[in-house]
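Below you'll find the structure, written out as structure tokens, and then a few comments.
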Amino acid sequence: MSLPTLPGNPYGAIPGTGYGTAGPAAAEAPLPGYPLHPAPSALAADAAGAGAPYAAPRQPACQLCGGAPAAELAVRHHQGLFFFMLFRKRRGRFCRDCGTALFRKHTATTLWQGWWHPLSALLFNPVTIILNLRVRSKIERLPEPGPDPFASRQAPGKPLLLRAGALFGLLPAAFVVYILAMVIAG
Ligand SMILES: [Zn+2]
């Protein structure tokens, strides 16, 4: 007895058995009773959400609270501490409220921890702050998130410039601006 084999396949994958490495000709052939793709139907094509009739509408949700809409964000946090520098980034998909909370928390910390290394003060901290401000403008374009199903939404908290850390950080920031202005003025 000899079984049919596919050309170029010495191990003799048999289309329809589900075993063996199927050749290109068999790749398109579904297993009996298990179609790879549902047959297109005129009814489904007309309905909203055709192709995934049982799925929720595709709207990105916040990874902290499940609220929607949410956007991919990366909030940065820089520390320049005399002998070393640390670069941290909180990346993820966040709603407007959780994103605002993260922006305020990390930017406030950056504002007071980021100035205490020369390279940080002159380069990395200003860049971190500018990048975070760009993220904030993205957050502000998000609509208010919907319901908070798990009661896990982050409270945005105090505005950035009402936080003690951020206010304290304005002093070294002003000093850096003053130094730069003196250098530019010669
Ligand atoms: Zn959220």
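Residues are referred to by chain and number: the chain letter is A, B, ... according to the order shown in the structure tokens, the number counts from 1 in that chain, and ligands are numbered separately from 1 in the order shown.
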Could you please write out, as a PyMOL selection string, every residue of range 82-144 of chain A that DSSP assigns to helix (DSSP H, G or I)? chain A and resi 96-113+118-140
Selected residues, C-alpha atoms, written as a short mmCIF file (atom, residue, chain, number, x, y, z; two decimals), in the first residue's frame, please.
```
data_model
loop_
_atom_site.label_atom_id
_atom_site.label_comp_id
_atom_site.auth_asym_id
_atom_site.auth_seq_id
_atom_site.Cartn_x
_atom_site.Cartn_y
_atom_site.Cartn_z
CA ARG A 96 -6.56 60.68 30.21
CA ASP A 97 -6.82 60.48 34.01
CA CYS A 98 -4.16 57.80 34.57
CA GLY A 99 -1.87 59.50 32.04
CA THR A 100 -2.26 62.86 33.79
CA ALA A 101 -1.49 61.24 37.15
CA LEU A 102 1.68 59.63 35.78
CA PHE A 103 2.76 62.80 33.99
CA ARG A 104 2.40 64.90 37.14
CA LYS A 105 4.09 62.38 39.42
CA HIS A 106 7.11 61.70 37.19
CA THR A 107 7.59 65.26 35.99
CA ALA A 108 7.42 66.64 39.54
CA THR A 109 10.10 64.15 40.62
CA THR A 110 12.21 64.96 37.57
CA LEU A 111 11.92 68.67 38.32
CA TRP A 112 13.64 68.35 41.68
CA GLN A 113 15.86 65.28 41.20
CA PRO A 118 26.25 68.77 35.08
CA LEU A 119 25.18 66.75 32.04
CA SER A 120 21.72 66.29 33.48
CA ALA A 121 21.29 69.97 34.20
CA LEU A 122 22.48 71.12 30.79
CA LEU A 123 21.03 68.40 28.60
CA PHE A 124 19.16 65.38 29.88
CA ASN A 125 16.80 67.02 32.32
CA PRO A 126 15.58 69.77 29.97
CA VAL A 127 15.10 67.14 27.25
CA THR A 128 13.17 64.90 29.67
CA ILE A 129 10.91 67.79 30.68
CA ILE A 130 10.27 68.79 27.06
CA LEU A 131 9.44 65.19 26.10
CA ASN A 132 7.05 64.91 29.04
CA LEU A 133 5.35 68.16 28.04
CA ARG A 134 4.82 66.71 24.57
CA VAL A 135 3.27 63.63 26.18
CA ARG A 136 1.00 65.89 28.21
CA SER A 137 -0.32 67.56 25.07
CA LYS A 138 -1.13 64.08 23.75
CA ILE A 139 -2.89 63.21 27.02
CA GLU A 140 -4.94 66.41 26.89
#
```
Near-ligand residues for ligand 1, threshold 12 Å, only C-alpha atoms and all ligand atoms, as a PyMOL selection string: chain A and resi 60-73+92-102+139+142-156
For the residues in that selection, give me C-alpha atoms as a compact mmCIF listing (two decimals), in the first residue's frame.
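The resulting file, again.txt, is reproduced below:
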```txt
# COMPACT_ATOMS: atom_id res chain seq x y z
CA PRO A 60 -7.80 50.81 23.14
CA ALA A 61 -8.32 50.57 26.89
CA CYS A 62 -6.17 51.91 29.72
CA GLN A 63 -3.93 49.24 31.19
CA LEU A 64 -4.37 50.63 34.70
CA CYS A 65 -8.12 51.11 34.93
CA GLY A 66 -9.64 49.59 31.79
CA GLY A 67 -11.14 52.95 30.79
CA ALA A 68 -11.31 54.01 27.17
CA PRO A 69 -10.13 55.64 25.07
CA ALA A 70 -6.45 55.35 25.88
CA ALA A 71 -3.24 56.14 24.03
CA GLU A 72 0.28 54.73 23.92
CA LEU A 73 2.39 56.98 26.10
CA GLY A 92 2.06 51.84 28.33
CA ARG A 93 -1.48 52.53 27.23
CA PHE A 94 -3.16 55.01 29.53
CA CYS A 95 -6.40 56.95 29.64
CA ARG A 96 -6.56 60.68 30.21
CA ASP A 97 -6.82 60.48 34.01
CA CYS A 98 -4.16 57.80 34.57
CA GLY A 99 -1.87 59.50 32.04
CA THR A 100 -2.26 62.86 33.79
CA ALA A 101 -1.49 61.24 37.15
CA LEU A 102 1.68 59.63 35.78
CA ILE A 139 -2.89 63.21 27.02
CA LEU A 142 -7.81 62.35 24.83
CA PRO A 143 -11.51 62.55 25.73
CA GLU A 144 -12.58 61.82 29.28
CA PRO A 145 -12.44 58.06 29.92
CA GLY A 146 -15.70 56.24 30.38
CA PRO A 147 -16.73 54.25 33.45
CA ASP A 148 -14.12 52.97 35.88
CA PRO A 149 -15.14 49.29 36.07
CA PHE A 150 -12.47 48.20 38.60
CA ALA A 151 -12.27 51.44 40.62
CA SER A 152 -8.56 51.43 39.84
CA ARG A 153 -8.30 54.73 38.01
CA GLN A 154 -5.42 56.94 39.13
CA ALA A 155 -6.44 60.26 40.61
CA PRO A 156 -4.71 63.03 38.64
```
Show me, as number ranges by chain, the residues that have an atom within 8 Å of range 84-86 of chain A when counting only C-alpha atoms, minus same-chain residues fewer than 5 positions from it. A: 78-79, 117, 120
Keeping only N, CA and C atoms, write those residues as a PDB file, in the first residue's frame.
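Heads up, here's the output in part-v5.pdb:
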```pdb
ATOM      1  N   HIS A  78      13.810  61.489  35.077  1.00  0.00           N
ATOM      2  CA  HIS A  78      15.280  61.562  35.055  1.00  0.00           C
ATOM      3  C   HIS A  78      15.795  61.935  36.433  1.00  0.00           C
ATOM      4  N   GLN A  79      16.903  61.297  36.804  1.00  0.00           N
ATOM      5  CA  GLN A  79      17.590  61.658  38.042  1.00  0.00           C
ATOM      6  C   GLN A  79      19.052  61.909  37.705  1.00  0.00           C
ATOM      7  N   HIS A 117      23.540  66.913  38.381  1.00  0.00           N
ATOM      8  CA  HIS A 117      24.681  66.391  37.635  1.00  0.00           C
ATOM      9  C   HIS A 117      24.855  67.354  36.465  1.00  0.00           C
ATOM     10  N   SER A 120      23.166  66.313  33.284  1.00  0.00           N
ATOM     11  CA  SER A 120      21.717  66.292  33.476  1.00  0.00           C
ATOM     12  C   SER A 120      21.163  67.706  33.398  1.00  0.00           C
TER      13      SER A 120
END
```
Gap from CA of Gly114 in chain A to CA of Leu170 in chain A - Å, one decimal: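 It comes out at 11.1 Å.
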